[in-house]
file my_file.cif (mmCIF, C-alpha atoms)
data_coords
#
loop_
_atom_site.label_atom_id
_atom_site.label_comp_id
_atom_site.auth_asym_id
_atom_site.auth_seq_id
_atom_site.Cartn_x
_atom_site.Cartn_y
_atom_site.Cartn_z
CA MET A 27 89.92 127.66 134.90
CA GLN A 28 89.48 124.11 133.63
CA HIS A 29 85.76 124.25 134.44
CA VAL A 30 85.38 127.22 132.08
CA ALA A 31 87.42 125.47 129.41
CA ASN A 32 85.23 122.36 129.63
CA TYR A 33 82.03 124.42 129.57
CA PHE A 34 83.25 126.44 126.60
CA THR A 35 84.45 123.34 124.72
CA VAL A 36 81.01 121.74 125.01
CA LEU A 37 79.39 124.87 123.57
CA VAL A 38 81.87 125.19 120.70
CA ASP A 39 81.74 121.50 119.84
CA ALA A 40 77.92 121.55 119.84
CA SER A 41 77.81 124.58 117.56
CA PRO A 42 77.35 124.07 113.82
CA LYS A 43 79.71 127.03 113.31
CA THR A 44 83.43 126.83 112.72
CA GLN A 45 85.83 128.32 115.23
CA ASP A 46 86.63 130.96 112.63
CA GLU A 47 82.96 131.96 112.43
CA ILE A 48 82.61 132.05 116.22
CA ALA A 49 85.77 134.13 116.57
CA ARG A 50 84.65 136.58 113.91
CA GLU A 51 81.15 136.97 115.39
CA ALA A 52 82.63 137.51 118.87
CA GLY A 53 85.08 140.13 117.62
CA PHE A 54 88.32 138.16 117.90
CA GLU A 55 90.98 138.68 115.24
CA SER A 56 92.01 135.03 115.23
CA PRO A 57 90.21 131.71 115.70
CA ASN A 58 93.25 130.69 117.78
CA THR A 59 91.65 132.58 120.66
CA ILE A 60 88.76 130.11 120.61
CA SER A 61 91.24 127.21 120.76
CA MET A 62 93.12 128.85 123.61
CA ILE A 63 89.92 129.31 125.63
CA LYS A 64 88.96 125.68 124.97
CA THR A 65 92.30 124.44 126.30
CA GLY A 66 92.32 126.82 129.27
CA ARG A 67 95.41 128.69 128.06
CA THR A 68 93.49 131.97 128.10
CA LYS A 69 90.44 133.29 129.88
CA ILE A 70 87.21 134.32 128.23
CA PRO A 71 87.36 138.11 128.12
CA LEU A 72 84.34 139.14 130.20
CA ALA A 73 83.51 141.95 127.78
CA ARG A 74 83.20 139.37 124.96
CA ILE A 75 80.70 137.17 126.79
CA PRO A 76 77.56 138.71 125.23
CA ALA A 77 78.92 138.27 121.70
CA LEU A 78 80.32 134.79 122.40
CA ALA A 79 77.07 133.63 123.97
CA LYS A 80 75.08 134.97 121.04
CA SER A 81 77.37 133.29 118.53
CA LEU A 82 77.16 129.99 120.39
CA GLY A 83 73.44 130.16 121.15
CA ALA A 84 74.22 130.11 124.87
CA ASP A 85 72.73 132.03 127.76
CA PRO A 86 75.00 135.02 128.47
CA LYS A 87 74.15 135.06 132.18
CA GLU A 88 75.11 131.40 132.52
CA MET A 89 78.38 132.00 130.67
CA LEU A 90 79.11 134.99 132.89
CA ALA A 91 78.33 133.00 136.03
CA VAL A 92 80.64 130.16 134.96
CA ALA A 93 83.44 132.60 134.13
CA LEU A 94 83.05 134.67 137.31
CA GLU A 95 82.89 131.61 139.51
CA SER A 96 86.24 130.45 138.13
CA TYR A 97 88.06 133.73 137.48
CA GLN A 98 86.69 135.96 140.24
CA PRO A 99 85.30 133.70 142.99
CA GLU A 100 85.06 136.52 145.53
CA LEU A 101 83.04 138.70 143.16
CA TYR A 102 80.88 135.70 142.25
CA ASP A 103 80.16 135.08 145.95
CA VAL A 104 79.24 138.73 146.54
CA LEU A 105 76.94 138.86 143.51
CA SER A 106 75.28 135.55 144.34
CA LYS A 107 74.50 136.84 147.85
CA ILE A 108 73.54 140.44 147.04
CA ALA A 109 72.04 140.13 143.56
CA PRO A 110 71.50 136.45 142.73
CA SER A 111 69.04 137.28 139.96
CA MET A 112 71.97 138.72 137.99
CA LEU A 113 73.38 135.21 137.70
CA ILE A 114 70.16 133.31 136.93
CA SER A 115 70.00 132.08 133.35
CA GLU A 116 66.93 132.64 131.22
CA GLN A 117 66.06 128.94 131.49
CA GLU A 118 66.32 129.07 135.29
CA LEU A 119 64.19 132.22 135.33
CA ARG A 120 61.48 130.42 133.32
CA ILE A 121 61.49 127.63 135.91
CA VAL A 122 61.18 130.11 138.78
CA ARG A 123 58.28 131.85 137.03
CA ALA A 124 56.54 128.53 136.41
CA LEU A 125 56.94 127.58 140.08
CA ARG A 126 55.52 130.92 141.18
CA ALA A 127 52.56 130.54 138.81
CA ALA A 128 51.92 127.03 140.10
CA ALA A 129 52.05 128.29 143.70
CA ARG A 130 49.55 131.07 142.91
CA THR A 131 47.09 128.59 141.41
CA GLY A 132 47.38 126.26 144.37
CA ILE A 133 49.11 123.46 142.47
CA LEU A 134 52.09 123.75 144.80
CA LYS A 135 51.55 123.95 148.52
#
call {"tool": "encode", "arguments": {"input": "my_file.cif", "output": "structure tokens"}}
result
Amino acid sequence: MQHVANYFTVLVDASPKTQDEIAREAGFESPNTISMIKTGRTKIPLARIPALAKSLGADPKEMLAVALESYQPELYDVLSKIAPSMLISEQELRIVRALRAAARTGILK
């Protein structure tokens, strides 16, 4: 769970928003929830990931992957084997598309 806490802390600390603003935008009643996630005292509620990611300017798939890998490692393993594209961030997807385009044009062999 500490990996998630570290990941989340970096996002919150890099955000120009206050913890109160982030909490409100993500639908939490109290900014204390943000502090508790940062310290690892509570988990990120999976249902809140889209709103949290939006508030923090983060990729929701990446946040979900980080959370699942820590909280539900068996589910993460199954998804990464059966449907890995579900866990690829938008940035990673852009890289894959660029590699495919380069391969089609003959740049990559």
call {"tool": "closest_residue", "arguments": {"input": "my_file.cif", "among": "A:Asp85, A:Ala93, A:Lys80, A:Pro42", "to": "Ile63 (chain A)", "atoms": "all atoms listed in the file"}}
result
A:Ala93
call {"tool": "atom_distance", "arguments": {"input": "my_file.cif", "atom1": "CA of Glu47 (chain A)", "atom2": "CA of Val92 (chain A)"}}
result
22.7 Å
call {"tool": "residues_around", "arguments": {"input": "my_file.cif", "residues": "region 104-119 of chain A", "least_positions_apart": "2", "cutoff": "8 Å", "atoms": "all atoms listed in the file", "output": "list in words"}}
result
Asp85, Pro86, Lys87, Glu88, Leu90, Ala91, Glu100, Leu101, Tyr102, Ile121, Val122 and Arg123 of chain A
call {"tool": "atom_distance", "arguments": {"input": "my_file.cif", "atom1": "CA of Ala52 (chain A)", "atom2": "CA of Leu94 (chain A)"}}
result
18.7 Å
call {"tool": "closest_residue", "arguments": {"input": "my_file.cif", "among": "A:Val30, A:Leu82, A:Gln98, A:Ile48", "to": "Ile70 (chain A)", "atoms": "only C-alpha atoms"}}
result
A:Val30
call {"tool": "closest_residue", "arguments": {"input": "my_file.cif", "among": "A:Ser61, A:Tyr97, A:Phe34, A:Arg130", "to": "Asp46 (chain A)", "atoms": "only C-alpha atoms"}}
result
A:Ser61
call {"tool": "closest_residue", "arguments": {"input": "my_file.cif", "among": "A:Leu78, A:Arg50, A:Thr131, A:Gln28", "to": "Thr65 (chain A)", "atoms": "all atoms listed in the file"}}
result
A:Gln28
call {"tool": "atom_distance", "arguments": {"input": "my_file.cif", "atom1": "CA of Ala79 (chain A)", "atom2": "CA of Ala127 (chain A)"}}
result
28.8 Å
call {"tool": "residues_around", "arguments": {"input": "my_file.cif", "residues": "Lys64 (chain A)", "least_positions_apart": "5", "cutoff": "10 Å", "atoms": "only C-alpha atoms", "output": "mmCIF file with C-alpha atoms, in the coordinates of the input"}}
result
data_model
loop_
_atom_site.group_PDB
_atom_site.id
_atom_site.type_symbol
_atom_site.label_atom_id
_atom_site.label_comp_id
_atom_site.auth_asym_id
_atom_site.auth_seq_id
_atom_site.Cartn_x
_atom_site.Cartn_y
_atom_site.Cartn_z
ATOM 1 C CA GLN A 28 89.480 124.110 133.630
ATOM 2 C CA VAL A 30 85.380 127.220 132.080
ATOM 3 C CA ALA A 31 87.420 125.470 129.410
ATOM 4 C CA ASN A 32 85.230 122.360 129.630
ATOM 5 C CA TYR A 33 82.030 124.420 129.570
ATOM 6 C CA PHE A 34 83.250 126.440 126.600
ATOM 7 C CA THR A 35 84.450 123.340 124.720
ATOM 8 C CA VAL A 36 81.010 121.740 125.010
ATOM 9 C CA LEU A 37 79.390 124.870 123.570
ATOM 10 C CA VAL A 38 81.870 125.190 120.700
ATOM 11 C CA ASP A 39 81.740 121.500 119.840
ATOM 12 C CA ASN A 58 93.250 130.690 117.780
ATOM 13 C CA THR A 59 91.650 132.580 120.660
ATOM 14 C CA LYS A 69 90.440 133.290 129.880
ATOM 15 C CA ILE A 70 87.210 134.320 128.230
#
call {"tool": "axis_aligned_box", "arguments": {"input": "my_file.cif", "around": "region 102-118 of chain A", "padding_each_side": "3 Å", "output": "JSON"}}
result
{"center_x": 73.5, "center_y": 134.7, "center_z": 139.5, "size_x": 20.8, "size_y": 17.5, "size_z": 22.6}
